[in-house]
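Read through the structure below, which is laid out as structure tokens, and then see the notes.
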2 protein chains.
Amino acid sequence: MKIHVLKNKNIISGGNLMKYDVGKYNEKSWVITEDKFDKSYLGKCESIMSLGNGYMGIRSATEELYMGEIRNTFIAGTFNKIIENKIDKFEVTELPNVADVVQMEIEINGEVLDLTKGIVKNYSRQLNIKTGELTRVATWISTKGDEVELVFRRFVSLDNLHVIGQKIEIIPKNKNIEISLKSGINGQVTNSGAQHFLEGDKRLYEKKYMQMVQTTTQSQIDFVINTVHSFTINSKVYEPKNLILIERRKIFYQYNLEVKKEEKFVIEKISNIYTSRDIDNEGINIEELKVLSYEALKNENEKGYNLLLDNSKKMWQEKVWNNYDIEIDSEDDYDQLAIRFAHYHLTIMTPAHDNRMNIGAKGLSGEGYKGHTFWDTEIFILPFFTYTDPKVARSLLEYRYKTLPGAHKKAKENGYEGAMFPWESAWFDDGEVTPLWGAADIVTGKSTKIWSGIIEQHITSDVAFACWQYYQVTKDEDFMDQYGYELLMETANFWQSRLEWNEIKEQYYITGVMGPDEYKEHIDNNAFTNYTAHWTIKNAINYYKLLKNEKIEVFDRLNKKLNLDKVYKKWEEKVDKIYLPQPREDLVIPQDDTYLEKEIIDLTKYRNQENVGTLGKDYNVDGINNIQVSKQADIMALFYLLEDLFEKDVKIANWNYYEPKTLHDSSLSLSTHCVLANDLNNNEMAYSLFKKATFIDLGPNMKTSDGGIHAASLGGIWQCVVNGFGGIRMLNGKLRIEPHLPQTWKRLKFPINWHGDRLIIEVTKNKIIIKNETKNNPSIEFESFGVKLTINEEISFSYNN
Amino acid sequence: MKIHVLKNKNIISGGNLMKYDVGKYNEKSWVITEDKFDKSYLGKCESIMSLGNGYMGIRSATEELYMGEIRNTFIAGTFNKIIENKIDKFEVTELPNVADVVQMEIEINGEVLDLTKGIVKNYSRQLNIKTGELTRVATWISTKGDEVELVFRRFVSLDNLHVIGQKIEIIPKNKNIEISLKSGINGQVTNSGAQHFLEGDKRLYEKKYMQMVQTTTQSQIDFVINTVHSFTINSKVYEPKNLILIERRKIFYQYNLEVKKEEKFVIEKISNIYTSRDIDNEGINIEELKVLSYEALKNENEKGYNLLLDNSKKMWQEKVWNNYDIEIDSEDDYDQLAIRFAHYHLTIMTPAHDNRMNIGAKGLSGEGYKGHTFWDTEIFILPFFTYTDPKVARSLLEYRYKTLPGAHKKAKENGYEGAMFPWESAWFDDGEVTPLWGAADIVTGKSTKIWSGIIEQHITSDVAFACWQYYQVTKDEDFMDQYGYELLMETANFWQSRLEWNEIKEQYYITGVMGPDEYKEHIDNNAFTNYTAHWTIKNAINYYKLLKNEKIEVFDRLNKKLNLDKVYKKWEEKVDKIYLPQPREDLVIPQDDTYLEKEIIDLTKYRNQENVGTLGKDYNVDGINNIQVSKQADIMALFYLLEDLFEKDVKIANWNYYEPKTLHDSSLSLSTHCVLANDLNNNEMAYSLFKKATFIDLGPNMKTSDGGIHAASLGGIWQCVVNGFGGIRMLNGKLRIEPHLPQTWKRLKFPINWHGDRLIIEVTKNKIIIKNETKNNPSIEFESFGVKLTINEEISFSYNN
């Protein structure tokens with residue numbers, strides 16, 4: 001195993017088994033390479049090299065099977081819950097693992113291809129982020145001495161969201177070989193043993209096209225999976241002998257042929273997946289779906305792998321790289337790759353095609369978090385789309401609007417008013433889907449209650465904040481009229497009903513919650529929660545007044561629907577009486593009512609941990625609750641969202657107090673700290689935190705991504721670059737640009753959307769150039785380092801980094 | 001791979017990869033050996049070396065995992081059906097695959113134990129049939145050069161039906177080694193992708209005992225699985241470092257330790273499984289079951305592997321070998337092994353402990369036939385128990401009595417009266433469980449209808465026949481009074497209602513059925529069906545009269561319940577008008593109305609096939625229907641059951657006509673033919689057919705047993721030996737003994753039960769010795785070669801073989 005040490009040596013702690021092809025930023029920083037196959041670390045490449053397009057996601061398990069692999073294919077939004085009887089306490093709605101079309105069993109002269117056996121030379125597996133193509137090459141010498149050159153190619157189309165292409169080349173090097181290939185559709189896969197599908201029809205068309213139907217057990221979504229194989233030898237079409245193999249939940253072909261020494265045998269396998277949940281196939285019946293998908297496959301098969309891939313590549317260029325690309329001219333070209341890696345995954349994880357769907361905490365790259373949507377979207381991922389691809393941001397916010405009935409239901413069930421958003425959200429009308437019970441405590445045998453769904457209530461503020469942020473950045477009035485204002489009013493309405501009057505203090509408290517820091521359960525007056533609740537109501541008051549004065553039609557409609565006039569009185573009555581924790585004498589703001597009174601212990605051991613969560617091996621939940629230790633950004637997240645409410649010296653004092661007590665045991669912590677470090681001018685710290693944030697998936701720890709990539713962290717990488725080093729901020733509706741380039745960066749260039757215009761911002765050590773590419777606004781105002789400026793077509797000015 | 005050719009060379013066609021340890025019959029013919037590990041043939045040993053006790057069955061998959069293996073643990077009678085919604089057409093009730101306790105992941109100096117890698121020396125895997133212990137030994141040199149001696153031992157207790165014992169020894173041979181062991185309970189297993197369990201609690205007691213609860217989704221049977229590990233190094237108790245690993249549906253420990261060169265590290269893993277379906281735990285709640293099973297495990301663990309195994313061995317000796325053992329003094333000691341192999345599997349497949357359960361067509365050794373019971377029990381397996389262990393035979397017949405409500409329901413639904421037994425039977429009150437729809441025809445896309453459940457109606461005669469046979473052999477009046485007479489009346493009642501009056505012929509026909517020969521669907525007047533239906537009614541008439549005269553209490557009860565007097569009139573009215581196909585001029589009896597008119601083709605290719613079912617590759621169902629070809633014994637089965645109805649010349653004529661048209665594509669064919677060949681004095685043919693019958697599981701074809709052993713075939717092996725070569729027959733209630741020893745056999749000794757006495761029959765080339773071991777009857781009459789004889793305590797006489 002080659003150990004590839006990145007240039008910034010002090011950051012890498014373990015042996016990094018991944019290699020990044022980092023040439024000049026604009027040329028070669030596109031490729032992630034695994035240069036030795038190691039069965040112990042299958043999960044890493046399966047996740048970080050996973051393929052997808054927002055409609056589907058496929059973990060990049062190899063064609064041939066290995067023990068310990070996890071083979072997952074997910075279609076966004078196709079949630080199912082196992083509910084056969086009353087004892088389903090460990091089952092929650094989740095994305096079902098769809099039949100696998102990628103796998104193949106290849107035998108060379110009777111020996112099953114297995115790269116852990118025989119001799120492997122010239123191995124590399126590469127994900128090309130630019131094209132979305134995964135390739136794997138190797139020369140394999142079997143234990144019998146048969147030598148073959150192998151090339152595996154694979155992509156999931158960004159052009160046609162249903163299509164999966166595979167192309168395999170086999171060249172015998174030292175003798176003629178017999179090849180046996182078993183390949184088709186395997187529906188025996190499960191979600192770690194849970195099976196969400198009933199078996200459906202298996203069918204063969206024209207002795208060539210294979211089709212399998214699966215239907216989810218509870219949500220009754222039909223899936224149709226089709227696949228077809230084509231073969232050439234030395235570019236000539238070839239028809240090997242074949243045998244159809246049918247098993248339970250499985251339809252395979254076995255192909256047998258001989259390939260002569262130095263001949264090139266090529267297999268193309270084109271597959272597609274359609275479901276009855278597809279937005280363009282709504283109301284279609286299963287028989288129609290079968291025909292439609294089969295005919296689509298025939299069509300795709302005629303195009304063949306290369307043309308299908310070209311079409312997909314074009315879409316990557318148009319939709320992603322022309323649109324999102326950020327240029328980082330760093331001493332360490334890895335930085336360029338890291339932001340592209342984030343863009344790649346932000347693209348493939350996001351169901352931008354369907355506003356009934358949102359982003360899962362692991363995207364579509366693993367079973368972790370079951371495809372559920374958390375505040376990760378609003379606070380960590382949405383800013384990227386809001387600033388870079390507002391249409392997608394809008395779709396993701398429309399999803400929240402569509403989930404309002406569930407949020408109303410949750411509020412009602414808990415004795416509140418308005419919209420109380422689910423902590424975990426799945427299909428748009430599911431409501432709260434956070435599991436209520438975790439596995440039994442293995443020692444006491446009692447089930448552990450999962451509190452997040454009940455007490456992690458700040459999600460409702462997060463939705464309001466993201467909605468407002470979207471509006472301020474885009475000025476999308478249509479969205480606000482249709483959905484946005486209602487979201488702002490309904491979230492504020494929840495909060496006013498949630499407040500608890502404290503007779504002694506004569507203030508409104510919010511008790512018994514969990515803030516962003518999940519190491520503190522059932523705490524009172526979490527600063528993040530109280531401040532953002534307060535903000536939500538204040539903001540609603542502003543828009544109440546604005547609507548009444550300026551948008552009377554919208555006002556009337558909402559007033560009728562939500563009884564705004566009445567609710568408004570409650571807001572006015574209560575908002576200024578909400579208890580907002582204030583800085584102590586030493587300027588430290590209590591994270592909650594009791595945090596600062598808890599025991600302080602030496603956390604060195606846990607701060608230096610190789611893997612997250614080591615604290616849990618020494619302390620149980622109660623134990624952790626009683627220590628001044630934080631899992632993740634909490635006050636820091638508050639400073640990030642509502643930065644103008646707090647003075648810099650307060651921020652510094654709180655950083656100095658809380659950061660050393662924070663273990664960053666959540667992937668939602670490092671990027672927030674990175675941006676804050678930038679704000680506090682700690683540039684070296686910010687860069688170090690940026691690297692660490694990118695290492696959550698790309699770093700040397702080969703186990704961190706086994707359950708899937710970290711969606712919020714990837715959104716966070718964009719925030720580090722654009723909000724952090726790029727210094728972009730929307731404050732009270734105003735644009736502020738205050739870059740702080742890391743020492744090692746010569747230049748940073750990135751696009752943002754502002755009020756419907758696309759601005760290209762280029763930052764060098766002491767110069768900033770901003771171009772308005774689209775010029776919809778004759779002029780755009782912004783502030784930079786205290787100076788008010790205006791962009792017409794272009795502005796360039798120097799600054800002191 | 002060593003090719004072990006048996007002595008009788010003309011029978012073996014392929015390379016036999018199994019080796020049988022065949023010494024002198026009474027000493028060494030107990031062991032089946034695999035002497036090279038070949039990943040291509042995992043299924044063979046998993047099935048034929050499977051362990052069990054009738055309560056549970058475990059396929060003998062290796063501790064370490066290999067791709068392509070099938071890991072199954074079944075508990076008899078715990079059927080479940082996936083019925084979440086209306087589209088369950090491919091799901092039928094089946095035995096769920098229980099969490100796996102047998103698997104272990106062993107790492108030697110960081111390298112996962114994998115016998116397909118590195119160097120393997122001194123390998124052998126052996127099932128000792130006498131003790132029920134499976135052992136596997138190997139010296140493994142890892143790819144890094146670390147050499148270890150390995151011994152794996154395993155048994156499923158016949159003494160305590162819930163207990164599984166494992167013992168693993170590891171001795172480093174060339175250096176000190178680090179061992180990492182991951183072991184516990186894995187509930188992520190499925191039935192080929194179908195998951196029958198909801199996830200239940202996982203718990204740890206005393207930081208040592210692991211417990212997992214699973215509950216079936218529809219039948220809501222609770223399973224509690226417990227396991228515990230103990231360790232020694234050089235016989236001293238050792239506690240390795242450990243870490244508990246909890247995943248979805250999985251609870252494992254990881255143990256880490258160093259073992260010095262030449263030290264012996266021993267792992268003992270004792271597990272147990274209890275379910276809420278256990279007959280001795282009925283009505284118990286899950287919490288009680290958890291405590292009960294945990295405490296049982298503590299107790300078992302104190303005993304340890306060796307003592308637990310000793311207790312189980314004792315039970316094998318007492319219950320099985322002292323009771324069933326047959327001695328065959330053959331030139332080929334394999335024959336001795338083959339009958340012991342049958343006894344072994346007949347023991348582990350039979351849920352003798354619970355009369356709500358019956359035997360599955362694959363026992364408990366594989367997913368094939370889903371644990372369902374067919375006529376295989378009554379016609380192929382029950383004779384063994386009836387003659388050798390009548391209590392078990394009675395329990396299996398009581399099961400049929402318990403299924404009467406389902407049989408009534410089936411009759412009613414089909415417009416008939418009485419008891420129409422299910423073709424496939426599962427839990428006693430399930431009724432018919434034959435799937436109605438098979439997988440869609442892969443070409444037309446239309447689901448293929450499975451007709452057996454509707455038209456394979458001879459099962460009802462088979463039950464009646466077996467019941468009568470049991471009574472005649474055992475004279476168990478209590479059984480008849482409680483259950484047997486009712487079964488005889490109810491089956492006859494079905495048949496009288498089933499008959500169809502043919503106006504032209506003025507006879508009763510039975511049309512549109514499938515006989516034993518499943519290559520002929522929807523045929524009229526299948527000889528086997530018509531004759532056995534006729535017999536069933538005739539027999540009921542006899543017992544109607546007998547009860548009325550001799551057992552008036554029983555008669556009155558049944559008359560009241562079944563309206564016998566009225567039904568009897570119908571029997572009398574119809575029975576003699578049933579059409580019974582008669583021999584033609586050439587003495588051939590038509591198998592059905594059209595068989596003899598169908599096309600005759602050259603079947604040589606299919607008769608010489610290596611694997612069964614090759615005809616289906618050239619012909620579809622309709623095609624096969626139109627050829628004079630049989631899957632299995634049909635007329636021959638009729639001759640076997642009702643042998644005194646047919647003259648020898650008729651039998652010979654039919655043998656000569658049908659046998660050459662029979663492909664023996666069912667495992668239910670060879671043993672019947674073997675017994676018939678004996679009856680027809682074709683001794684060489686009989687011996688050849690016996691060998692072939694034993695080869696269905698033990699033979700050189702390494703793929704035949706992948707889906708599980710062939711239960712009926714194993715019962716058939718006993719029939720070949722005792723009914724065939726031993727010449728034992730019950731005819732009209734009389735015992736007949738007419739042995740025909742194969743050329744190569746010097747002596748055959750076997751026990752039979754007759755009218756409650758245990759007779760030991762010893763046959764040599766020209767002498768027969770019969771001892772009455774129990775002497776409950778002062779004298780027992782029998783016939784031998786036309787001579788009527790009487791046994792008092794012992795009789796010995798010469799005969800002409």
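Just remember, in the structure tokens the first chain shown is A, the second B, etc., residues are 1-based per chain, and ligands are 1-based in the order shown.
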
What's the 8 Å shell around Lys746 (chain B), counting only C-alpha atoms, without same-chain residues fewer than 6 positions away, as an mmCIF file with N, CA, C and O atoms, in the first residue's frame?
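Saved result, selection_8.cif, follows:
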data_model
loop_
_atom_site.group_PDB
_atom_site.id
_atom_site.type_symbol
_atom_site.label_atom_id
_atom_site.label_comp_id
_atom_site.auth_asym_id
_atom_site.auth_seq_id
_atom_site.Cartn_x
_atom_site.Cartn_y
_atom_site.Cartn_z
ATOM 1 N N ILE B 328 -24.757 -54.032 7.153
ATOM 2 C CA ILE B 328 -24.625 -54.547 5.785
ATOM 3 C C ILE B 328 -23.194 -55.015 5.597
ATOM 4 O O ILE B 328 -22.260 -54.216 5.699
ATOM 5 N N ASP B 329 -23.048 -56.289 5.375
ATOM 6 C CA ASP B 329 -21.700 -56.822 5.128
ATOM 7 C C ASP B 329 -21.544 -56.967 3.620
ATOM 8 O O ASP B 329 -21.865 -57.986 3.033
ATOM 9 N N SER B 330 -21.065 -55.885 3.029
ATOM 10 C CA SER B 330 -20.984 -55.834 1.571
ATOM 11 C C SER B 330 -19.533 -55.810 1.147
ATOM 12 O O SER B 330 -18.651 -55.408 1.919
ATOM 13 N N GLU B 331 -19.269 -56.242 -0.073
ATOM 14 C CA GLU B 331 -17.915 -56.068 -0.608
ATOM 15 C C GLU B 331 -17.565 -54.592 -0.663
ATOM 16 O O GLU B 331 -16.411 -54.213 -0.550
ATOM 17 N N THR B 764 -28.428 -63.955 5.513
ATOM 18 C CA THR B 764 -27.190 -64.234 4.778
ATOM 19 C C THR B 764 -27.599 -64.865 3.452
ATOM 20 O O THR B 764 -28.779 -64.914 3.113
ATOM 21 N N LYS B 765 -26.611 -65.324 2.710
ATOM 22 C CA LYS B 765 -26.887 -65.779 1.345
ATOM 23 C C LYS B 765 -28.014 -66.803 1.273
ATOM 24 O O LYS B 765 -28.810 -66.816 0.348
#

Non-local contacts of Gly707 (chain B) (8 Å; only C-alpha atoms; under 6 positions in same chain excluded) as a list in words: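 So, after excluding close chain neighbours, the residues are Gly43, Ser47, Lys362, Ser365, Gly366, Glu367 and Gly368 of chain B.
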
Would you save the residues of that selection, restricted to N, CA and C atoms, as a compact mmCIF listing (two decimals), in the first residue's frame?
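What follows is the written file selection.txt:
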# COMPACT_ATOMS: atom_id res chain seq x y z
N GLY B 43 -21.91 -25.80 -1.42
CA GLY B 43 -23.26 -26.28 -1.12
C GLY B 43 -23.30 -27.76 -0.76
N SER B 47 -24.93 -29.05 2.84
CA SER B 47 -26.15 -29.85 2.91
C SER B 47 -25.91 -31.23 3.50
N LYS B 362 -36.78 -31.01 2.05
CA LYS B 362 -35.32 -30.91 2.17
C LYS B 362 -34.91 -31.00 3.64
N SER B 365 -32.30 -28.69 5.93
CA SER B 365 -30.93 -28.51 5.42
C SER B 365 -30.83 -27.51 4.27
N GLY B 366 -31.93 -26.84 3.93
CA GLY B 366 -31.83 -25.87 2.85
C GLY B 366 -33.17 -25.20 2.61
N GLU B 367 -33.10 -24.14 1.80
CA GLU B 367 -34.32 -23.36 1.55
C GLU B 367 -35.27 -24.04 0.57
N GLY B 368 -34.79 -25.07 -0.13
CA GLY B 368 -35.59 -25.74 -1.15
C GLY B 368 -36.92 -26.22 -0.58

Nearest to chain B by atom-to-atom distance, counting only C-alpha atoms, from A:Val156, A:Lys290, A:Ile168, A:Met56: A:Lys290

From B:Phe79, B:Trp437, B:Trp423, B:Phe639, residue lying nearest chain A [only C-alpha atoms]: B:Trp437

Shell around region 369-386 of chain B at 7 Å using only C-alpha atoms, local window under 2 positions removed, as a ChimeraX atom specification: /B:94-95,358-364,367,388-390,392-393,423-426,459,462-463,466,470,712,715-716,718

Members of region 6-152 of chain A assigned strand (DSSP E or B) by DSSP, as a ChimeraX atom specification: /A:18-21,31-34,51-52,56-58,73-75,80,94,100,104-108,111-112,119-128,133-141,147-152

Kindly save the residues from that selection, with N, CA and C atoms included, as a compact mmCIF listing (two decimals), in the first residue's frame.
# COMPACT_ATOMS: atom_id res chain seq x y z
N MET A 18 -5.36 6.99 0.20
CA MET A 18 -5.90 7.51 -1.05
C MET A 18 -4.84 8.42 -1.65
N LYS A 19 -4.91 8.51 -2.95
CA LYS A 19 -3.96 9.38 -3.64
C LYS A 19 -4.78 10.35 -4.48
N TYR A 20 -4.36 11.59 -4.49
CA TYR A 20 -5.10 12.56 -5.28
C TYR A 20 -4.20 13.06 -6.38
N ASP A 21 -4.76 13.03 -7.57
CA ASP A 21 -3.98 13.41 -8.74
C ASP A 21 -4.03 14.92 -8.84
N VAL A 31 -9.04 14.05 -10.18
CA VAL A 31 -9.08 12.59 -10.09
C VAL A 31 -8.70 12.10 -8.69
N ILE A 32 -9.50 11.20 -8.17
CA ILE A 32 -9.17 10.52 -6.92
C ILE A 32 -8.75 9.11 -7.27
N THR A 33 -7.63 8.71 -6.74
CA THR A 33 -7.06 7.42 -7.13
C THR A 33 -6.83 6.53 -5.93
N GLU A 34 -7.22 5.29 -6.09
CA GLU A 34 -6.81 4.25 -5.14
C GLU A 34 -5.76 3.45 -5.88
N LEU A 51 -21.28 6.92 -7.39
CA LEU A 51 -21.79 7.59 -8.59
C LEU A 51 -23.25 7.97 -8.38
N GLY A 52 -23.70 8.95 -9.12
CA GLY A 52 -25.11 9.32 -8.97
C GLY A 52 -25.46 10.56 -9.75
N MET A 56 -30.62 8.92 -8.67
CA MET A 56 -30.14 7.67 -8.07
C MET A 56 -28.71 7.83 -7.59
N GLY A 57 -28.35 6.97 -6.66
CA GLY A 57 -26.98 6.91 -6.18
C GLY A 57 -26.57 5.46 -6.07
N ILE A 58 -25.35 5.18 -6.54
CA ILE A 58 -24.85 3.80 -6.48
C ILE A 58 -23.49 3.81 -5.81
N THR A 73 -27.83 0.58 -4.03
CA THR A 73 -28.38 1.44 -5.07
C THR A 73 -29.62 2.09 -4.47
N PHE A 74 -29.65 3.39 -4.47
CA PHE A 74 -30.80 4.09 -3.91
C PHE A 74 -31.42 5.00 -4.95
N ILE A 75 -32.75 5.09 -4.92
CA ILE A 75 -33.45 6.07 -5.73
C ILE A 75 -34.05 7.09 -4.77
N ASN A 80 -39.62 3.65 2.28
CA ASN A 80 -40.50 2.56 2.68
C ASN A 80 -40.26 2.24 4.15
N GLU A 94 -37.12 4.33 5.40
CA GLU A 94 -35.76 4.50 4.87
C GLU A 94 -35.76 4.25 3.36
N ASP A 100 -29.40 -4.86 -7.55
CA ASP A 100 -28.06 -4.49 -7.99
C ASP A 100 -27.86 -4.89 -9.45
N MET A 104 -21.00 -8.44 -11.28
CA MET A 104 -20.71 -9.44 -12.31
C MET A 104 -19.77 -10.47 -11.71
N GLU A 105 -19.99 -11.70 -12.11
CA GLU A 105 -19.02 -12.73 -11.72
C GLU A 105 -18.27 -13.14 -12.97
N ILE A 106 -16.96 -12.95 -12.94
CA ILE A 106 -16.14 -13.25 -14.12
C ILE A 106 -15.21 -14.40 -13.78
N GLU A 107 -15.26 -15.43 -14.61
CA GLU A 107 -14.32 -16.53 -14.43
C GLU A 107 -13.35 -16.58 -15.59
N ILE A 108 -12.09 -16.70 -15.26
CA ILE A 108 -11.03 -16.82 -16.28
C ILE A 108 -10.50 -18.25 -16.18
N GLU A 111 -11.38 -19.92 -13.03
CA GLU A 111 -11.02 -19.28 -11.76
C GLU A 111 -11.75 -17.95 -11.63
N VAL A 112 -12.48 -17.80 -10.53
CA VAL A 112 -13.25 -16.58 -10.32
C VAL A 112 -12.30 -15.40 -10.14
N ILE A 119 -1.78 -12.60 -8.67
CA ILE A 119 -0.92 -11.42 -8.66
C ILE A 119 -1.65 -10.28 -9.36
N VAL A 120 -1.61 -9.11 -8.74
CA VAL A 120 -2.25 -7.93 -9.33
C VAL A 120 -1.16 -6.91 -9.66
N LYS A 121 -1.13 -6.49 -10.91
CA LYS A 121 -0.16 -5.46 -11.30
C LYS A 121 -0.88 -4.26 -11.89
N ASN A 122 -0.22 -3.12 -11.85
CA ASN A 122 -0.73 -1.90 -12.50
C ASN A 122 -2.14 -1.54 -12.06
N TYR A 123 -2.43 -1.80 -10.78
CA TYR A 123 -3.79 -1.53 -10.32
C TYR A 123 -4.02 -0.04 -10.10
N SER A 124 -5.14 0.45 -10.59
CA SER A 124 -5.62 1.72 -10.06
C SER A 124 -7.12 1.83 -10.24
N ARG A 125 -7.76 2.41 -9.26
CA ARG A 125 -9.19 2.73 -9.37
C ARG A 125 -9.29 4.24 -9.28
N GLN A 126 -9.99 4.83 -10.22
CA GLN A 126 -10.04 6.28 -10.27
C GLN A 126 -11.46 6.78 -10.47
N LEU A 127 -11.80 7.79 -9.67
CA LEU A 127 -13.02 8.53 -9.97
C LEU A 127 -12.61 9.83 -10.62
N ASN A 128 -13.09 10.04 -11.83
CA ASN A 128 -12.86 11.31 -12.50
C ASN A 128 -14.05 12.22 -12.18
N GLU A 133 -17.00 9.56 -14.39
CA GLU A 133 -16.71 8.18 -14.77
C GLU A 133 -15.75 7.54 -13.77
N LEU A 134 -16.11 6.31 -13.40
CA LEU A 134 -15.27 5.52 -12.51
C LEU A 134 -14.53 4.50 -13.36
N THR A 135 -13.22 4.43 -13.23
CA THR A 135 -12.48 3.41 -13.98
C THR A 135 -11.62 2.60 -13.02
N ARG A 136 -11.37 1.39 -13.42
CA ARG A 136 -10.52 0.52 -12.62
C ARG A 136 -9.71 -0.30 -13.59
N VAL A 137 -8.43 -0.26 -13.47
CA VAL A 137 -7.59 -1.05 -14.36
C VAL A 137 -6.68 -1.94 -13.53
N ALA A 138 -6.37 -3.09 -14.07
CA ALA A 138 -5.47 -4.01 -13.39
C ALA A 138 -5.00 -5.05 -14.39
N THR A 139 -3.81 -5.54 -14.15
CA THR A 139 -3.39 -6.76 -14.82
C THR A 139 -3.43 -7.84 -13.76
N TRP A 140 -4.19 -8.87 -14.06
CA TRP A 140 -4.37 -9.92 -13.06
C TRP A 140 -3.77 -11.21 -13.57
N ILE A 141 -2.93 -11.80 -12.75
CA ILE A 141 -2.41 -13.14 -13.07
C ILE A 141 -3.05 -14.09 -12.08
N GLU A 147 -2.82 -14.66 -17.43
CA GLU A 147 -2.67 -13.22 -17.27
C GLU A 147 -3.69 -12.47 -18.14
N VAL A 148 -4.41 -11.57 -17.52
CA VAL A 148 -5.38 -10.77 -18.27
C VAL A 148 -5.23 -9.30 -17.90
N GLU A 149 -5.41 -8.46 -18.90
CA GLU A 149 -5.53 -7.03 -18.64
C GLU A 149 -7.00 -6.69 -18.50
N LEU A 150 -7.32 -5.95 -17.49
CA LEU A 150 -8.72 -5.64 -17.22
C LEU A 150 -8.93 -4.14 -17.14
N VAL A 151 -10.00 -3.68 -17.76
CA VAL A 151 -10.41 -2.28 -17.58
C VAL A 151 -11.91 -2.28 -17.29
N PHE A 152 -12.28 -1.68 -16.20
CA PHE A 152 -13.70 -1.54 -15.86
C PHE A 152 -14.06 -0.05 -15.92

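Using only C-alpha atoms, the nearest neighbour of chain A within the list B:Gly418, B:Gly77, B:Gly184, B:Gly438 is B:Gly438.
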
Distance criterion (only C-alpha atoms): nearest to Asp332 (chain A) out of A:Val629, A:Leu308, A:Pro742, A:Leu292: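 Going through A:Val629, A:Leu308, A:Pro742, A:Leu292 one by one, the smallest distance to Asp332 (chain A) is for A:Pro742.
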
Using only C-alpha atoms, which protein or nucleic acid residues come within 8 Å of Pro96 (chain A)? Drop anything in the same chain fewer than 5 positions from it, and give the result as a tab-separated table (two decimals) with N, CA and C atoms, in the first residue's frame.
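Generated file (out_23.tsv):
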chain	number	residue	atom	x	y	z
A	74	PHE	N	-29.65	3.39	-4.47
A	74	PHE	CA	-30.80	4.09	-3.91
A	74	PHE	C	-31.42	5.00	-4.95
A	78	THR	N	-37.73	7.32	-2.49
A	78	THR	CA	-38.56	6.10	-2.55
A	78	THR	C	-38.64	5.41	-1.19
A	79	PHE	N	-39.00	6.18	-0.19
A	79	PHE	CA	-39.00	5.67	1.18
A	79	PHE	C	-40.00	4.55	1.40
A	80	ASN	N	-39.62	3.65	2.28
A	80	ASN	CA	-40.50	2.56	2.68
A	80	ASN	C	-40.26	2.24	4.15
A	190	THR	N	-30.32	-6.39	0.48
A	190	THR	CA	-31.18	-5.87	1.55
A	190	THR	C	-30.55	-4.60	2.13
A	191	ASN	N	-31.27	-3.96	3.03
A	191	ASN	CA	-30.66	-2.91	3.86
A	191	ASN	C	-30.17	-3.58	5.14
A	195	GLN	N	-35.51	-6.24	4.32
A	195	GLN	CA	-35.92	-6.33	2.92
A	195	GLN	C	-37.17	-5.48	2.71
A	196	HIS	N	-37.07	-4.50	1.86
A	196	HIS	CA	-38.18	-3.56	1.63
A	196	HIS	C	-39.02	-3.92	0.42
A	197	PHE	N	-38.62	-4.95	-0.31
A	197	PHE	CA	-39.34	-5.26	-1.54
A	197	PHE	C	-40.01	-6.62	-1.47
A	216	THR	N	-42.19	-1.86	-3.26
A	216	THR	CA	-41.92	-1.71	-1.83
A	216	THR	C	-43.13	-2.18	-1.03
